[in-house]
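Trainee: Got a structure for you, written out below as structure tokens; questions coming shortly.
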Amino acid sequence: MLAIPGLFITGTDTGVGKTYVAAMIAERLLQEGVNVGAYKPACSGAIVSDAARPVWDDVEVLHRATGERFDRQRISPQRFIAPLAPPVAAGLENRIVDAGLLRTGGYWWEDHCEFLLVEGVGGWLCPLTDSETVADLAVDFRLPLLIVARASLGTINHTLLTVEAVRQRGVPIAGIVLSETTAPVDPSSVKANVVEIEKRCDVRVLGVVPYRTSICLPDPGAQQTIDVWSMIRSVRGLGDGFPATSRSLLRLPFPSDEKQG
């Protein structure tokens, strides 16, 4: 169990916007004076430049969002080239994913930040080692879970399946964020998905991240206010003992003023 508060961010699938959401929250907390860290235990899928130096976009985004204060190796100590599940990508390099390092890499942050955002790989049951999934690490860290889901056709099913699987492991859920990974064809369907998801699993949808053409962070001034901290504290009282600034409102886009909370 991690000795500092934080959130474990998982997705209903790969490519749903977990890194974008993690970076957005990290940037907001940093602006409010919170010493926030970001940890991606394993990362696969690199871009190899002309100089043959691999670059992992997820790590770069998290590095920038936390003010470039931490070494990339601390943000993600195990990185692999191929865009595959970590144990598969590691095998192509004649390596294995170190299960111990997945955990000790997270414990390092206990002495270096006051709030930690842990971003998983792919979805809740994505393979993380030869014998473990993302769920196993989340259970060990015992952080409330933030689920990022696509704001598109099929998301109700995918989200409810994820919520059910998470609850079977006894991990508390802080909330859900829908992410528009493509330009919405029918904006009203996004609102309908929010209603259906909340009604059917009794977990609050904290916001909808609008479609963007790049992974760069949005302008915080253009976002509506959602009280994410109230959701975090309702799960485990994570705001206790924190400075007043860290209990203030995070901002996430939301599709309807009536849902603003």
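Here's how to read the names in the structure tokens: chain A, B, ... by the order shown, residue numbers from 1 in each chain, ligand numbers from 1 in the order shown.
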DSSP on the backbone: which residues in region 7-160 of chain A end up as helix (DSSP H, G or I)? Give the answer as a PyMOL selection string.

Mentor: chain A and resi 18-31+57-65+72-75+86-92+99-111+134-141+155-160

Trainee: Which neighbours of region 42-45 of chain A fall inside 6 Å, counting only C-alpha atoms, when residues of the same chain fewer than 2 positions from it are skipped, and could you give them as a PyMOL selection string?

Mentor: chain A and resi 40+76+78-83+86

Trainee: Which residues are near region 152-169 of chain A? Cut-off 7 Å, only C-alpha atoms, ignore same chain within fewer than 4 positions. Put them as a list of chain:residue names.

Mentor: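 My reading of the contact set: A:Thr12, A:Trp124, A:Asn193, A:Ile197, A:Cys201.
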
Trainee: Please, what distance in Å, to one decimal, runs between CA of Glu60 (chain A) and CA of Thr19 (chain A)?

Mentor: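 Going from CA of Glu60 (chain A) over to CA of Thr19 (chain A) covers 10.1 Å.
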
Trainee: Considering only C-alpha atoms, return as a list of chain:residue names whatever protein or nucleic-acid residues lie within 8 Å of Pro5 (chain A), sequence-local ones (same chain, fewer than 3 positions apart) excluded.

Mentor: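 The neighbour list is A:Leu2, A:Glu114, A:Phe115, A:Leu116, A:Leu143, A:Leu238.
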
Trainee: Could you list, as a ChimeraX atom specification, every residue within 6 Å of region 64-71 of chain A, counting only C-alpha atoms and ignoring same-chain residues fewer than 2 positions away?

Mentor: /A:23,26-27,61-62,73-74

Trainee: I need the chosen residues saved as a PDB file, in the first residue's frame, with N, CA and C atoms.

Mentor:
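File again_11.pdb, as written:
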ATOM      1  N   ALA A  23      -2.438  14.061 -17.010  1.00  0.00           N
ATOM      2  CA  ALA A  23      -1.646  15.280 -17.162  1.00  0.00           C
ATOM      3  C   ALA A  23      -2.472  16.516 -16.829  1.00  0.00           C
ATOM      4  N   ALA A  26      -2.684  16.667 -13.082  1.00  0.00           N
ATOM      5  CA  ALA A  26      -1.377  17.009 -12.528  1.00  0.00           C
ATOM      6  C   ALA A  26      -1.081  18.491 -12.699  1.00  0.00           C
ATOM      7  N   GLU A  27      -1.360  18.993 -13.879  1.00  0.00           N
ATOM      8  CA  GLU A  27      -1.097  20.406 -14.139  1.00  0.00           C
ATOM      9  C   GLU A  27      -1.917  21.302 -13.219  1.00  0.00           C
ATOM     10  N   VAL A  61       4.611  13.693 -21.856  1.00  0.00           N
ATOM     11  CA  VAL A  61       3.455  14.486 -21.424  1.00  0.00           C
ATOM     12  C   VAL A  61       3.396  14.575 -19.897  1.00  0.00           C
ATOM     13  N   LEU A  62       3.611  13.457 -19.230  1.00  0.00           N
ATOM     14  CA  LEU A  62       3.588  13.462 -17.769  1.00  0.00           C
ATOM     15  C   LEU A  62       4.761  14.260 -17.193  1.00  0.00           C
ATOM     16  N   GLN A  73      13.042   8.597 -15.843  1.00  0.00           N
ATOM     17  CA  GLN A  73      13.222   7.229 -15.364  1.00  0.00           C
ATOM     18  C   GLN A  73      12.380   6.980 -14.126  1.00  0.00           C
ATOM     19  N   ARG A  74      12.124   8.018 -13.325  1.00  0.00           N
ATOM     20  CA  ARG A  74      11.275   7.868 -12.149  1.00  0.00           C
ATOM     21  C   ARG A  74       9.801   7.839 -12.547  1.00  0.00           C
TER      22      ARG A  74
END

Trainee: For Ile176 (chain A), list every protein, DNA or RNA residue within 7 Å, evaluated using only C-alpha atoms, and leave out those in the same chain fewer than 4 positions away; present the list as a PyMOL selection string.

Mentor: chain A and resi 146-148+204-206

Trainee: Given only C-alpha atoms as the basis, pick out the residue of A:Ile25, A:Pro127, A:Ser188, A:Pro41 nearest to Trp109 (chain A).

Mentor: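 Checking each candidate against Trp109 (chain A), we get A:Pro41 as the closest.
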
Trainee: So which residues touch region 97-104 of chain A within 8 Å, counting only C-alpha atoms, skipping near sequence neighbours fewer than 2 positions away, as a ChimeraX atom specification?

Mentor: /A:41-42,77-78,86-87,90,95,106-108,128-130,137,141

Trainee: Restrict the selected residues to N, CA and C atoms and save them as a CSV table (one decimal), in the first residue's frame.

Mentor:
chain,number,residue,atom,x,y,z
A,41,PRO,N,4.0,2.9,-14.3
A,41,PRO,CA,4.9,1.8,-14.0
A,41,PRO,C,5.6,1.1,-15.1
A,42,ALA,N,4.9,1.0,-16.3
A,42,ALA,CA,5.5,0.4,-17.5
A,42,ALA,C,4.9,1.2,-18.7
A,77,PRO,N,9.9,3.7,-15.0
A,77,PRO,CA,11.2,3.0,-15.0
A,77,PRO,C,11.3,1.9,-15.9
A,78,GLN,N,10.2,1.4,-16.5
A,78,GLN,CA,10.3,0.3,-17.4
A,78,GLN,C,9.6,0.7,-18.7
A,86,PRO,N,3.0,-4.7,-22.1
A,86,PRO,CA,4.4,-4.7,-21.7
A,86,PRO,C,5.1,-6.0,-21.7
A,87,PRO,N,4.5,-7.1,-21.2
A,87,PRO,CA,5.3,-8.4,-21.2
A,87,PRO,C,5.6,-8.9,-22.6
A,90,ALA,N,8.3,-6.5,-24.0
A,90,ALA,CA,9.6,-6.8,-23.3
A,90,ALA,C,10.2,-8.0,-23.9
A,95,ARG,N,13.8,-9.1,-22.8
A,95,ARG,CA,13.7,-8.6,-21.4
A,95,ARG,C,12.4,-9.1,-20.8
A,106,GLY,N,7.0,2.8,-7.5
A,106,GLY,CA,5.9,3.7,-6.9
A,106,GLY,C,6.2,4.1,-5.5
A,107,TYR,N,6.8,3.3,-4.7
A,107,TYR,CA,7.1,3.6,-3.4
A,107,TYR,C,8.2,4.7,-3.3
A,108,TRP,N,9.0,4.9,-4.3
A,108,TRP,CA,10.0,6.0,-4.3
A,108,TRP,C,9.3,7.3,-4.2
A,128,LEU,N,0.4,-7.0,-17.4
A,128,LEU,CA,1.5,-6.1,-17.0
A,128,LEU,C,2.8,-6.9,-16.8
A,129,THR,N,2.7,-8.1,-16.4
A,129,THR,CA,3.8,-9.0,-16.3
A,129,THR,C,3.4,-10.3,-16.9
A,130,ASP,N,4.2,-11.3,-16.9
A,130,ASP,CA,3.9,-12.6,-17.4
A,130,ASP,C,2.7,-13.3,-16.6
A,137,LEU,N,-1.7,-4.7,-9.7
A,137,LEU,CA,-0.9,-3.6,-9.1
A,137,LEU,C,-1.8,-2.6,-8.4
A,141,PHE,N,-1.5,-1.2,-4.6
A,141,PHE,CA,-1.3,0.2,-4.3
A,141,PHE,C,-2.4,0.8,-3.4

Trainee: Looking at A:Pro187, A:Thr10, A:Tyr39, A:Ile75, which one is nearest to Thr133 (chain A), with distances taken over only C-alpha atoms?

Mentor: A:Thr10

Trainee: Between CA of Ser131 (chain A) and CA of Ile96 (chain A), what is the distance in Å, rounded to a tenth?

Mentor: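 Going from CA of Ser131 (chain A) over to CA of Ile96 (chain A), I get 11.3 Å.
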
Trainee: Of the candidates A:Gly33, A:Asp13, A:Cys113, A:Val194, which one gets nearest to Cys126 (chain A) if we count only C-alpha atoms?

Mentor: A:Asp13

Trainee: Would you mind telling me which residue in A:Asp58, A:Glu132, A:Asp140, A:Glu93 lies nearest to Ala46 (chain A) when using only C-alpha atoms?

Mentor: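 Among the listed residues, A:Asp58 lies closest to Ala46 (chain A).
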